[in-house]
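Undergrad: This is the structure I want to talk about, given as structure tokens.
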Amino acid sequence: MEATTRAPIRTCAGCREALPQEELVRLAVVPEAPWLVPDAKGKLGGRGVWVMPSVECIERAAKKGGFARALKRKVDVDPIVLVDLITKQLEDRFRGLVLGALRAGHLKAGVDVARDSVERGRAHLLWVAEDAGRREDVEARAARLGAACLVWGTRETLGDYLGRGEVAVVAIEDEGLANAIVRVTNRLAGLHGGCPSPHKHATPEDRKPA
Ligand SMILES: [Zn+2]
């Protein structure tokens, strides 16, 4: 990760690594089970604790006292429940970003329009279905022209997100939305069984000059 952010540094309750806040998930204490819930919008007040969005760190924090240490109280957290809650929250965020891009006219769906978007230098991110035809060609073209590439889901998955039939390729033309989508998918990649969980994540910082 490039040191371009001045985000506050927080400590993961699992592995105790200190990282920029944006790479961690804030969990807030709630008065009943599941005791800790993801505080996606930072609006839940009260005591909170930070953890990396990784199954390993969440399990470690739950089982080895990391949450209790950070919160200075005993919490009986089921890591499986917590992983599910965080996954669900990130999936909702992903869906929201994709639909936001669609509604704002920053999303181009379909092989031909996405290719056109890349060639005009408008695409900041290509979301490519695993079963897209000539997928390697699409990825190579994106890399050459400087668009990040996310490979995840099937054509049916992409279509479901957009509320239409099968879609092989989606181009995101807004840089802020593209960056936000990449951040969410990178986080989801640390959570098993979470979807979308990209095989390959690209960061916009990796983009090569066109
Ligand atoms: Zn950790």
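To be explicit about the labels: the chains of the structure tokens are called A, B, and onward in the order shown, and within each one the residues are counted from 1, while ligands get numbers from 1 in the order they are shown.
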Listing only residues of region 87-178 of chain A within 12 Å of region 11-31 of chain A, what is the closest atom pair and its distance in Å (to one decimal) for each, using only C-alpha atoms, sorted by chain and residue number ascending, as CSV?
TA:
residue,atom,partner,partner_atom,distance
A:Thr87,CA,A:Val25,CA,10.9
A:Gln89,CA,A:Val25,CA,10.5
A:Leu90,CA,A:Val25,CA,10.1
Undergrad: If you keep N, CA and C atoms, can you produce a file of those selected residues as an mmCIF file, in the first residue's frame?
TA:
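The resulting file, part31.cif, is shown below:
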data_model
loop_
_atom_site.group_PDB
_atom_site.id
_atom_site.type_symbol
_atom_site.label_atom_id
_atom_site.label_comp_id
_atom_site.auth_asym_id
_atom_site.auth_seq_id
_atom_site.Cartn_x
_atom_site.Cartn_y
_atom_site.Cartn_z
ATOM 1 N N THR A 87 -18.640 -9.888 6.306
ATOM 2 C CA THR A 87 -18.765 -10.240 4.893
ATOM 3 C C THR A 87 -20.026 -9.623 4.306
ATOM 4 N N GLN A 89 -21.708 -7.074 5.355
ATOM 5 C CA GLN A 89 -21.583 -5.620 5.304
ATOM 6 C C GLN A 89 -20.751 -5.178 4.094
ATOM 7 N N LEU A 90 -19.666 -5.916 3.833
ATOM 8 C CA LEU A 90 -18.815 -5.565 2.691
ATOM 9 C C LEU A 90 -19.521 -5.856 1.366
#
Undergrad: Determine, counting only C-alpha atoms, which protein, DNA and RNA residues have an atom within 6 Å of an atom of region 174-185 of chain A; residues of the same chain fewer than 2 positions away are not included. Present the result as a PDB file with N, CA and C atoms, in the first residue's frame.
TA:
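Contents of the output file around.pdb:
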ATOM      1  N   HIS A 106     -21.699   5.940 -14.597  1.00  0.00           N
ATOM      2  CA  HIS A 106     -20.260   5.689 -14.610  1.00  0.00           C
ATOM      3  C   HIS A 106     -19.941   4.223 -14.852  1.00  0.00           C
ATOM      4  N   HIS A 124     -11.526   3.112 -15.340  1.00  0.00           N
ATOM      5  CA  HIS A 124     -10.540   3.039 -14.261  1.00  0.00           C
ATOM      6  C   HIS A 124     -10.462   1.624 -13.709  1.00  0.00           C
ATOM      7  N   LEU A 125     -11.535   0.874 -13.896  1.00  0.00           N
ATOM      8  CA  LEU A 125     -11.560  -0.498 -13.402  1.00  0.00           C
ATOM      9  C   LEU A 125     -12.411  -1.333 -14.350  1.00  0.00           C
ATOM     10  N   ILE A 172     -15.832   0.550 -15.024  1.00  0.00           N
ATOM     11  CA  ILE A 172     -16.190   1.630 -14.090  1.00  0.00           C
ATOM     12  C   ILE A 172     -15.396   2.863 -14.510  1.00  0.00           C
ATOM     13  N   ARG A 187     -10.692  -6.270   0.750  1.00  0.00           N
ATOM     14  CA  ARG A 187     -11.080  -6.663   2.108  1.00  0.00           C
ATOM     15  C   ARG A 187     -11.828  -7.994   2.090  1.00  0.00           C
ATOM     16  N   LEU A 188     -12.722  -8.136   1.134  1.00  0.00           N
ATOM     17  CA  LEU A 188     -13.488  -9.386   1.045  1.00  0.00           C
ATOM     18  C   LEU A 188     -12.592 -10.580   0.763  1.00  0.00           C
TER      19      LEU A 188
END
Undergrad: Might you pull out every residue within 12 Å of region 167-170 of chain A, with only C-alpha atoms counted and same-chain residues fewer than 3 positions away left off, and present them as a PyMOL selection string?
TA: chain A and resi 98-99+101-102+106-118+123-135+137-139+142+147-164+173+178
Undergrad: Within chain A, find each residue whose DSSP state, derived from the backbone, is strand (DSSP E), and express the selection as a ChimeraX atom specification.
TA: /A:9-11,18-20,25-29,36-38,48-51,107-109,125-128,148-151,169-172
